[in-house]
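This report refers to the structure that appears directly beneath it.
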Amino acid sequence: MFVNLYENAILKNPKSIFAILLIILLSFGYYSKEFRLDASSETLLIEGDPDLKYYNEINNRYGSKEFLVLTYTPNEGMITDTSVNNLLSLKYKIQSLDWVHSVITLLDIPLLNNSDVPLQERLKNFKTLKDEDVDKQRGFNEILDSPVFRDFVISKDGKTSGIIVNIKKNPPLDIENKSKDEIENYRDQIKKKNHQNILEIRDVIKSYDDIGKIYLGGIPMIADDMMSFIKSDIVVFGLGVLLFIIGTLWFIFRKLIWIIIPISSCFFSVVIMMGILGFVGWKVTVISSNFIALMLILTMSMNIHMSTRFLQLKKSNPSKTILEILTLTTGKMFWPILYTVLTTVIAFLSLVFSEIKPIIDFGWMMTFGLITSFIVTFTLLPTLLNFVPSDNILVKEKEDSIITKILRNFSLNYQIPIFIITVFIISLSIFGITKLEVENSFINYFSKKTEIYKGMKLIDEELGGTTPLEVILKFSDTKEEKNQEDDEFEDWGDEDEQDNEKYWFTKDKVDTIANVHNYLDNLPEIGKVLSFSSIIDVATQLNNNKPLGTLEMGVLYTKIPDTIKTEIIDPYISIKDNEARISVRIIDSQENLRRNDLINKIDFDLQNELGLNKDKFKLAGVLILFNNLLQSLFKSQILTLGLVMIGIFAMFFILFKNIKVSLIGIVPNFIAAFFILGIIGLLGIPLDMMTITIAAITIGIAVDNSIHYIYRFKEEFKKINDYKKTLMICHSTVGIAILNTSITIVFGFSILVLSKFIPTIYFGVFTGLAMLLAMISVLTLLPSLILVFKPFGK
């Protein structure tokens, strides 16, 4: 009934169907202009992560500015007249950009120990290195020895300094009174503006190339470069895969018509899918940047199977018309291709159980993409073939593939060695999987040639680390007795004596901050540590190395000018909230860094070594968010694999209604996926947001080969009733189609090595390798298992 309906509605009305497809193409092609990219940091976080909410609260409480970081390593010494003048010139040039709020350099640091005038005078009228009457060497040494600024704006060796470029805040948007489209347009405008800002500051840096080495860093730059990577990857992958597919089709068929028809299917599928993404407002992220390449590969796979079977049936039935051959082809290929699509959909749908939004979106995108490709394949391909004269369809006969002949003979004659090799691969895979880890360094996501890598590496090694961690200390609301200490500040006068601010600085609080600060500072994984304890150390230096009493600290706090207080004290204490913030940066490029272990160690030691109650401190920051992401990856890997195994087994059972066949069918593909995970573990490559999807995707795509092979084997076995003869026929028919599609898939994935994003390269290499192993398994292990277990009866 279905075949008749399909024949009457689709096959017999090629002109109408083609017209409908063109209308659909044009309609979705219009919406493809809404196709958007997104490389914001939110795309690399767990959806609904409570730590993200707390992180935002902390940023609001202690002040968070969007900024860029430049590292400046002058050709001459840091404080020579030439270097100072160059740095000043660079500062003013950047400051002149209309989007820049302020620029902080080494020359803007307040020098409080540069003269012998009274401390109060020094605080009110502080000098900087750019002032003419300053002893530059003495001032430079003060900054170099400063607990606050060393490893922050100046490296330990004094050869590299940091330049902080604070960006003006974007005008707030009234979200409640704006539509979704208006909000999205506003965000797009912000991204375009950010891109223009990055281009402008890079032009400025380029004009100062001759004064030393200058690298650009910071989250806005990383987000913009990631966007550029996505755009580049989409174009490179799409064109690369397309060119390879054209070459593959020419190698297989050697006829122009068999290039035009499959490529048309690919074009229709991709444009329609881009239109769907634009229409529903789905944005492509780093994770899903290869979806076009994947769609091209998977659409081509369907078309090669359909085209190969069509030509085989035409050759076997030369007297039949094109319509009759199409009816035969679609009748025989509909169910196996439908089930291959469904099994692949199951693999991609398993990704939606991840907690990571871009991975979830990627799963949905590929699900809809596969459905689109399936519909286009079974409508456009037969429609176009209806328009082609019969004489132009047939291709020159080719001998059986040498590769499938070798694999066929191996399956027939060497079953025991095949099983021994399989057991060895399984054992090796299990061992490798036990070595898998999710510890990863964000810096290692990028090629060493990129500016992101160079800038982050220099900041990491010379300026105190890159990945931030916040330790928030919470204090009890108890009244403390006021310390009655003599101090040098009494003669300042104290108009604010009734102000309780100065009485916040109790010995218990100050000691707690100092103890935690010192503990963190001694951990090898940690670079720069900044806290109120750093400010106390500076104050002690200014007080002739005499420790300050708690009341002295309070009085000093009330006397410090707001310009200094806002920059170097308020980010580390919140008297209103009765808490202190310790800002830590992790050395991200450290080879043996284990983030989860470090977080657990800090949490354990603060309770057991420093005696803090669990409710008196909290860890926050990018390190926590990134670690949550990594830990979630590992959990989602186990969950996705389990779901894929259950789902695909169910599909096999529904299709073949035979438990033995279902088990035999999934074995080669699971071995391929497990082997790749084992190899990743043995090579010590950490799982990341892209490699985590390899196993599920490999199983989903590779299982297509098993379905096509078993489906054809079952069909031929009914006629021949001989396992070995059926095996030989299958290798010379569907085996060639499997070989051709697998080569297309393997080399299609290999195009991903051209990416600048390291996880994408790993994804391409390992998925391609897995698909190659899966193809070999399906043409050796699968037929061997069929011969041994005889699932279709004796």
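Please note that chains go A, B, ... in the order of the structure tokens, that every chain numbers its residues from 1, and that ligands are numbered from 1 in the order shown.
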Within 10 Å of Gln415 in chain A using only C-alpha atoms, minus same-chain residues under 2 positions, as a PyMOL selection string
chain A and resi 410-413+417-421+780-781+783-785+787-788
As a ChimeraX atom specification, please: the residues near Pro389 in chain A (cut-off 12 Å, only C-alpha atoms, same-chain neighbours under 6 positions excluded).
/A:257,321-323
Helix (DSSP H, G or I) positions in range 146-295 of chain A, given as number ranges by chain:
A: 175-177, 180-206, 209-211, 219-253, 257-280, 291-295
Residues of range 215-253 of chain A that approach range 301-307 of chain A to 10 Å or less, counting only C-alpha atoms: could you list each one with the shortest pair of atoms and its distance in Å to one decimal, rows by chain and increasing residue number, as JSON lines?
```
{"residue": "A:Ile245", "atom": "CA", "partner": "A:Ser301", "partner_atom": "CA", "distance": 9.9}
{"residue": "A:Leu249", "atom": "CA", "partner": "A:Ile304", "partner_atom": "CA", "distance": 8.3}
{"residue": "A:Ile252", "atom": "CA", "partner": "A:Ile304", "partner_atom": "CA", "distance": 9.2}
{"residue": "A:Phe253", "atom": "CA", "partner": "A:Ser307", "partner_atom": "CA", "distance": 9.4}
```
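Closest approach to Ile17 in chain A from the set A:Gly455, A:Pro382, A:Pro172, A:Gly281 is made by A:Pro382, with distances taken over only C-alpha atoms.
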Residues near range 461-471 of chain A, anyone? I mean within 6 Å using only C-alpha atoms, not counting same-chain ones fewer than 5 positions away, as an NGL selection string.
:A and (151-152 or 155 or 527-528 or 581-587 or 618-623)
Among listed residues A:Thr506, A:Ser265, A:Leu216, A:Val280, nearest Asp181 in chain A (using only C-alpha atoms)
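Under the stated criterion, the closest residue is A:Val280.
Nearest residue to Asn627 in chain A, choosing from A:Asp51, A:Ser319, A:Leu520, A:Ile234 and counting only C-alpha atoms: A:Asp51.
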List the spatial neighbours of range 722-725 of chain A as a PDB file with N, CA, C and O atoms, in the first residue's frame - criterion: any atom at most 9 Å away, only C-alpha atoms, same-chain residues fewer than 5 positions off excluded.
```pdb
ATOM      1  N   LEU A 412      35.657 -15.393   4.748  1.00  0.00           N
ATOM      2  CA  LEU A 412      35.351 -16.796   4.432  1.00  0.00           C
ATOM      3  C   LEU A 412      36.381 -17.766   5.004  1.00  0.00           C
ATOM      4  O   LEU A 412      36.032 -18.872   5.432  1.00  0.00           O
ATOM      5  N   PHE A 713      21.740  -9.134   2.953  1.00  0.00           N
ATOM      6  CA  PHE A 713      22.059 -10.549   3.189  1.00  0.00           C
ATOM      7  C   PHE A 713      20.765 -11.353   3.359  1.00  0.00           C
ATOM      8  O   PHE A 713      20.602 -12.433   2.792  1.00  0.00           O
ATOM      9  N   PHE A 717      19.669 -14.214   0.854  1.00  0.00           N
ATOM     10  CA  PHE A 717      19.663 -15.556   1.451  1.00  0.00           C
ATOM     11  C   PHE A 717      18.340 -16.279   1.179  1.00  0.00           C
ATOM     12  O   PHE A 717      18.294 -17.501   1.028  1.00  0.00           O
ATOM     13  N   CYS A 730      26.852 -10.411  -1.460  1.00  0.00           N
ATOM     14  CA  CYS A 730      26.722  -9.167  -0.679  1.00  0.00           C
ATOM     15  C   CYS A 730      27.995  -8.317  -0.745  1.00  0.00           C
ATOM     16  O   CYS A 730      27.931  -7.091  -0.842  1.00  0.00           O
ATOM     17  N   ILE A 786      27.895 -13.989  11.111  1.00  0.00           N
ATOM     18  CA  ILE A 786      26.728 -14.567  10.412  1.00  0.00           C
ATOM     19  C   ILE A 786      27.009 -16.007  10.011  1.00  0.00           C
ATOM     20  O   ILE A 786      26.146 -16.895  10.179  1.00  0.00           O
ATOM     21  N   LEU A 787      28.225 -16.285   9.506  1.00  0.00           N
ATOM     22  CA  LEU A 787      28.579 -17.651   9.099  1.00  0.00           C
ATOM     23  C   LEU A 787      28.605 -18.600  10.292  1.00  0.00           C
ATOM     24  O   LEU A 787      28.213 -19.761  10.184  1.00  0.00           O
ATOM     25  N   LYS A 790      24.719 -18.372  12.061  1.00  0.00           N
ATOM     26  CA  LYS A 790      23.620 -18.671  11.132  1.00  0.00           C
ATOM     27  C   LYS A 790      22.271 -18.157  11.650  1.00  0.00           C
ATOM     28  O   LYS A 790      21.345 -18.923  11.920  1.00  0.00           O
ATOM     29  N   LYS A 794      19.358 -22.695   9.289  1.00  0.00           N
ATOM     30  CA  LYS A 794      20.370 -23.523   8.628  1.00  0.00           C
ATOM     31  C   LYS A 794      19.952 -23.837   7.202  1.00  0.00           C
ATOM     32  O   LYS A 794      18.789 -24.002   6.915  1.00  0.00           O
TER      33      LYS A 794
END
```
Here is a test: counting only C-alpha atoms, which residue of A:Ile261, A:Ala737, A:Ile214, A:Leu641 is nearest to Thr71 in chain A?
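Between A:Ile261, A:Ala737, A:Ile214, A:Leu641, the residue approaching Thr71 in chain A most closely is A:Ile214.
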Can you pull out every residue within 10 Å of range 668-674 of chain A, counting only C-alpha atoms, but drop anything in the same chain fewer than 6 positions away, and send it as a PDB file with N, CA, C and O atoms, in the first residue's frame?
```pdb
ATOM      1  N   THR A 422      39.599  -9.512  17.279  1.00  0.00           N
ATOM      2  CA  THR A 422      38.474  -8.802  17.916  1.00  0.00           C
ATOM      3  C   THR A 422      38.611  -8.814  19.440  1.00  0.00           C
ATOM      4  O   THR A 422      38.423  -7.784  20.096  1.00  0.00           O
ATOM      5  N   VAL A 423      38.956  -9.984  20.005  1.00  0.00           N
ATOM      6  CA  VAL A 423      39.129 -10.090  21.458  1.00  0.00           C
ATOM      7  C   VAL A 423      40.268  -9.189  21.921  1.00  0.00           C
ATOM      8  O   VAL A 423      40.168  -8.505  22.956  1.00  0.00           O
ATOM      9  N   ILE A 425      41.320  -6.426  20.426  1.00  0.00           N
ATOM     10  CA  ILE A 425      40.867  -5.033  20.315  1.00  0.00           C
ATOM     11  C   ILE A 425      39.955  -4.677  21.483  1.00  0.00           C
ATOM     12  O   ILE A 425      40.063  -3.592  22.064  1.00  0.00           O
ATOM     13  N   ILE A 426      39.046  -5.585  21.847  1.00  0.00           N
ATOM     14  CA  ILE A 426      38.134  -5.334  22.973  1.00  0.00           C
ATOM     15  C   ILE A 426      38.929  -5.148  24.263  1.00  0.00           C
ATOM     16  O   ILE A 426      38.673  -4.230  25.050  1.00  0.00           O
ATOM     17  N   LEU A 428      42.120  -4.286  24.613  1.00  0.00           N
ATOM     18  CA  LEU A 428      42.875  -3.038  24.541  1.00  0.00           C
ATOM     19  C   LEU A 428      41.961  -1.835  24.771  1.00  0.00           C
ATOM     20  O   LEU A 428      42.333  -0.867  25.446  1.00  0.00           O
ATOM     21  N   SER A 429      40.741  -1.918  24.223  1.00  0.00           N
ATOM     22  CA  SER A 429      39.777  -0.824  24.372  1.00  0.00           C
ATOM     23  C   SER A 429      39.379  -0.641  25.831  1.00  0.00           C
ATOM     24  O   SER A 429      39.319   0.496  26.328  1.00  0.00           O
ATOM     25  N   ILE A 430      39.101  -1.744  26.506  1.00  0.00           N
ATOM     26  CA  ILE A 430      38.698  -1.660  27.917  1.00  0.00           C
ATOM     27  C   ILE A 430      39.812  -1.038  28.747  1.00  0.00           C
ATOM     28  O   ILE A 430      39.576  -0.170  29.599  1.00  0.00           O
ATOM     29  N   GLY A 432      42.186   0.987  27.662  1.00  0.00           N
ATOM     30  CA  GLY A 432      42.285   2.399  27.293  1.00  0.00           C
ATOM     31  C   GLY A 432      41.180   3.232  27.895  1.00  0.00           C
ATOM     32  O   GLY A 432      41.415   4.365  28.351  1.00  0.00           O
ATOM     33  N   ILE A 433      39.958   2.667  27.948  1.00  0.00           N
ATOM     34  CA  ILE A 433      38.813   3.405  28.497  1.00  0.00           C
ATOM     35  C   ILE A 433      39.021   3.702  29.983  1.00  0.00           C
ATOM     36  O   ILE A 433      38.601   4.752  30.481  1.00  0.00           O
ATOM     37  N   LEU A 641      26.128   6.697  25.740  1.00  0.00           N
ATOM     38  CA  LEU A 641      26.477   5.377  25.214  1.00  0.00           C
ATOM     39  C   LEU A 641      25.424   4.344  25.595  1.00  0.00           C
ATOM     40  O   LEU A 641      25.031   3.506  24.781  1.00  0.00           O
ATOM     41  N   VAL A 644      22.298   4.974  23.492  1.00  0.00           N
ATOM     42  CA  VAL A 644      22.519   4.593  22.092  1.00  0.00           C
ATOM     43  C   VAL A 644      22.474   3.072  21.950  1.00  0.00           C
ATOM     44  O   VAL A 644      21.852   2.537  21.014  1.00  0.00           O
ATOM     45  N   MET A 645      23.119   2.362  22.847  1.00  0.00           N
ATOM     46  CA  MET A 645      23.150   0.895  22.770  1.00  0.00           C
ATOM     47  C   MET A 645      21.737   0.313  22.861  1.00  0.00           C
ATOM     48  O   MET A 645      21.352  -0.543  22.068  1.00  0.00           O
ATOM     49  N   ILE A 680      41.874   7.005  22.517  1.00  0.00           N
ATOM     50  CA  ILE A 680      41.933   8.349  23.106  1.00  0.00           C
ATOM     51  C   ILE A 680      42.495   8.270  24.525  1.00  0.00           C
ATOM     52  O   ILE A 680      43.330   9.082  24.935  1.00  0.00           O
ATOM     53  N   ILE A 694      32.027  11.565  20.034  1.00  0.00           N
ATOM     54  CA  ILE A 694      32.529  10.664  18.994  1.00  0.00           C
ATOM     55  C   ILE A 694      31.890   9.282  19.070  1.00  0.00           C
ATOM     56  O   ILE A 694      31.441   8.737  18.060  1.00  0.00           O
ATOM     57  N   ALA A 695      31.870   8.692  20.273  1.00  0.00           N
ATOM     58  CA  ALA A 695      31.389   7.318  20.405  1.00  0.00           C
ATOM     59  C   ALA A 695      29.940   7.191  19.946  1.00  0.00           C
ATOM     60  O   ALA A 695      29.607   6.304  19.149  1.00  0.00           O
ATOM     61  N   ALA A 696      29.073   8.081  20.429  1.00  0.00           N
ATOM     62  CA  ALA A 696      27.655   8.005  20.065  1.00  0.00           C
ATOM     63  C   ALA A 696      27.459   8.222  18.565  1.00  0.00           C
ATOM     64  O   ALA A 696      26.708   7.492  17.906  1.00  0.00           O
ATOM     65  N   ILE A 697      28.160   9.228  18.004  1.00  0.00           N
ATOM     66  CA  ILE A 697      28.022   9.522  16.573  1.00  0.00           C
ATOM     67  C   ILE A 697      28.579   8.377  15.733  1.00  0.00           C
ATOM     68  O   ILE A 697      27.995   7.979  14.719  1.00  0.00           O
ATOM     69  N   THR A 698      29.717   7.820  16.152  1.00  0.00           N
ATOM     70  CA  THR A 698      30.320   6.698  15.418  1.00  0.00           C
ATOM     71  C   THR A 698      29.362   5.527  15.338  1.00  0.00           C
ATOM     72  O   THR A 698      29.144   4.950  14.269  1.00  0.00           O
ATOM     73  N   ILE A 699      28.787   5.179  16.488  1.00  0.00           N
ATOM     74  CA  ILE A 699      27.845   4.054  16.499  1.00  0.00           C
ATOM     75  C   ILE A 699      26.652   4.363  15.604  1.00  0.00           C
ATOM     76  O   ILE A 699      26.220   3.535  14.802  1.00  0.00           O
ATOM     77  N   GLY A 700      26.129   5.578  15.725  1.00  0.00           N
ATOM     78  CA  GLY A 700      24.945   5.957  14.958  1.00  0.00           C
ATOM     79  C   GLY A 700      25.162   5.916  13.458  1.00  0.00           C
ATOM     80  O   GLY A 700      24.279   5.498  12.698  1.00  0.00           O
ATOM     81  N   ILE A 701      26.340   6.384  13.003  1.00  0.00           N
ATOM     82  CA  ILE A 701      26.618   6.402  11.568  1.00  0.00           C
ATOM     83  C   ILE A 701      27.083   5.032  11.074  1.00  0.00           C
ATOM     84  O   ILE A 701      26.638   4.546  10.035  1.00  0.00           O
ATOM     85  N   ALA A 702      27.983   4.411  11.843  1.00  0.00           N
ATOM     86  CA  ALA A 702      28.555   3.129  11.405  1.00  0.00           C
ATOM     87  C   ALA A 702      27.511   2.024  11.353  1.00  0.00           C
ATOM     88  O   ALA A 702      27.606   1.106  10.522  1.00  0.00           O
ATOM     89  N   VAL A 703      26.517   2.101  12.229  1.00  0.00           N
ATOM     90  CA  VAL A 703      25.505   1.051  12.249  1.00  0.00           C
ATOM     91  C   VAL A 703      24.698   1.023  10.945  1.00  0.00           C
ATOM     92  O   VAL A 703      24.092   0.011  10.601  1.00  0.00           O
ATOM     93  N   ASP A 704      24.732   2.134  10.204  1.00  0.00           N
ATOM     94  CA  ASP A 704      24.071   2.165   8.895  1.00  0.00           C
ATOM     95  C   ASP A 704      24.607   1.055   8.000  1.00  0.00           C
ATOM     96  O   ASP A 704      23.850   0.400   7.269  1.00  0.00           O
ATOM     97  N   ASN A 705      25.928   0.863   8.039  1.00  0.00           N
ATOM     98  CA  ASN A 705      26.550  -0.181   7.214  1.00  0.00           C
ATOM     99  C   ASN A 705      26.034  -1.568   7.597  1.00  0.00           C
ATOM    100  O   ASN A 705      25.761  -2.404   6.737  1.00  0.00           O
ATOM    101  N   SER A 706      25.916  -1.815   8.890  1.00  0.00           N
ATOM    102  CA  SER A 706      25.420  -3.114   9.362  1.00  0.00           C
ATOM    103  C   SER A 706      23.997  -3.354   8.872  1.00  0.00           C
ATOM    104  O   SER A 706      23.653  -4.455   8.425  1.00  0.00           O
ATOM    105  N   PHE A 766      39.494  11.244  14.900  1.00  0.00           N
ATOM    106  CA  PHE A 766      39.055  10.027  15.591  1.00  0.00           C
ATOM    107  C   PHE A 766      37.738   9.480  15.049  1.00  0.00           C
ATOM    108  O   PHE A 766      37.540   8.267  15.015  1.00  0.00           O
ATOM    109  N   THR A 767      36.831  10.371  14.629  1.00  0.00           N
ATOM    110  CA  THR A 767      35.588   9.881  14.028  1.00  0.00           C
ATOM    111  C   THR A 767      35.890   9.200  12.701  1.00  0.00           C
ATOM    112  O   THR A 767      35.333   8.140  12.390  1.00  0.00           O
ATOM    113  N   LEU A 769      38.705   7.748  11.842  1.00  0.00           N
ATOM    114  CA  LEU A 769      39.370   6.478  12.163  1.00  0.00           C
ATOM    115  C   LEU A 769      38.360   5.435  12.635  1.00  0.00           C
ATOM    116  O   LEU A 769      38.424   4.255  12.250  1.00  0.00           O
ATOM    117  N   ALA A 770      37.412   5.874  13.461  1.00  0.00           N
ATOM    118  CA  ALA A 770      36.370   4.963  13.947  1.00  0.00           C
ATOM    119  C   ALA A 770      35.518   4.433  12.791  1.00  0.00           C
ATOM    120  O   ALA A 770      35.164   3.250  12.756  1.00  0.00           O
ATOM    121  N   MET A 771      35.189   5.307  11.842  1.00  0.00           N
ATOM    122  CA  MET A 771      34.375   4.896  10.697  1.00  0.00           C
ATOM    123  C   MET A 771      35.131   3.901   9.807  1.00  0.00           C
ATOM    124  O   MET A 771      34.545   2.975   9.251  1.00  0.00           O
ATOM    125  N   LEU A 772      36.432   4.096   9.684  1.00  0.00           N
ATOM    126  CA  LEU A 772      37.253   3.152   8.901  1.00  0.00           C
ATOM    127  C   LEU A 772      37.250   1.781   9.571  1.00  0.00           C
ATOM    128  O   LEU A 772      37.054   0.747   8.903  1.00  0.00           O
ATOM    129  N   LEU A 773      37.450   1.763  10.872  1.00  0.00           N
ATOM    130  CA  LEU A 773      37.439   0.495  11.603  1.00  0.00           C
ATOM    131  C   LEU A 773      36.063  -0.155  11.548  1.00  0.00           C
ATOM    132  O   LEU A 773      35.939  -1.377  11.406  1.00  0.00           O
ATOM    133  N   ALA A 774      35.014   0.672  11.633  1.00  0.00           N
ATOM    134  CA  ALA A 774      33.645   0.143  11.572  1.00  0.00           C
ATOM    135  C   ALA A 774      33.376  -0.505  10.219  1.00  0.00           C
ATOM    136  O   ALA A 774      32.753  -1.566  10.133  1.00  0.00           O
ATOM    137  N   MET A 775      33.855   0.134   9.147  1.00  0.00           N
ATOM    138  CA  MET A 775      33.673  -0.424   7.805  1.00  0.00           C
ATOM    139  C   MET A 775      34.386  -1.774   7.672  1.00  0.00           C
ATOM    140  O   MET A 775      33.823  -2.747   7.164  1.00  0.00           O
ATOM    141  N   ILE A 776      35.624  -1.841   8.167  1.00  0.00           N
ATOM    142  CA  ILE A 776      36.375  -3.104   8.108  1.00  0.00           C
ATOM    143  C   ILE A 776      35.661  -4.177   8.933  1.00  0.00           C
ATOM    144  O   ILE A 776      35.548  -5.334   8.512  1.00  0.00           O
ATOM    145  N   SER A 777      35.152  -3.786  10.102  1.00  0.00           N
ATOM    146  CA  SER A 777      34.447  -4.743  10.964  1.00  0.00           C
ATOM    147  C   SER A 777      33.182  -5.277  10.292  1.00  0.00           C
ATOM    148  O   SER A 777      32.877  -6.470  10.372  1.00  0.00           O
ATOM    149  N   VAL A 778      32.434  -4.359   9.649  1.00  0.00           N
ATOM    150  CA  VAL A 778      31.180  -4.772   9.003  1.00  0.00           C
ATOM    151  C   VAL A 778      31.448  -5.715   7.829  1.00  0.00           C
ATOM    152  O   VAL A 778      30.626  -6.595   7.539  1.00  0.00           O
ATOM    153  N   LEU A 779      32.591  -5.586   7.173  1.00  0.00           N
ATOM    154  CA  LEU A 779      32.906  -6.447   6.019  1.00  0.00           C
ATOM    155  C   LEU A 779      33.803  -7.624   6.377  1.00  0.00           C
ATOM    156  O   LEU A 779      34.223  -8.370   5.491  1.00  0.00           O
ATOM    157  N   THR A 780      34.117  -7.791   7.669  1.00  0.00           N
ATOM    158  CA  THR A 780      34.900  -8.961   8.100  1.00  0.00           C
ATOM    159  C   THR A 780      34.241  -9.641   9.300  1.00  0.00           C
ATOM    160  O   THR A 780      33.785 -10.771   9.211  1.00  0.00           O
ATOM    161  N   LEU A 781      34.157  -8.928  10.420  1.00  0.00           N
ATOM    162  CA  LEU A 781      33.610  -9.524  11.643  1.00  0.00           C
ATOM    163  C   LEU A 781      32.132  -9.852  11.491  1.00  0.00           C
ATOM    164  O   LEU A 781      31.696 -10.950  11.886  1.00  0.00           O
ATOM    165  N   LEU A 782      31.350  -8.942  10.931  1.00  0.00           N
ATOM    166  CA  LEU A 782      29.903  -9.164  10.791  1.00  0.00           C
ATOM    167  C   LEU A 782      29.595 -10.407   9.945  1.00  0.00           C
ATOM    168  O   LEU A 782      28.844 -11.290  10.394  1.00  0.00           O
ATOM    169  N   LEU A 785      30.533 -13.548  11.873  1.00  0.00           N
ATOM    170  CA  LEU A 785      29.546 -13.872  12.905  1.00  0.00           C
ATOM    171  C   LEU A 785      28.295 -14.502  12.278  1.00  0.00           C
ATOM    172  O   LEU A 785      27.707 -15.441  12.844  1.00  0.00           O
TER     173      LEU A 785
END
```
Which neighbours of Leu754 in chain A fall inside 10 Å, counting only C-alpha atoms, when residues of the same chain fewer than 2 positions from it are skipped, and could you give them as a list in words?
Ser232, Asp233, Val236, Phe237, Gly240, Ser750, Ile751, Leu752, Lys756, Phe757, Ile758, Thr760, Ile761 and Gly764 of chain A
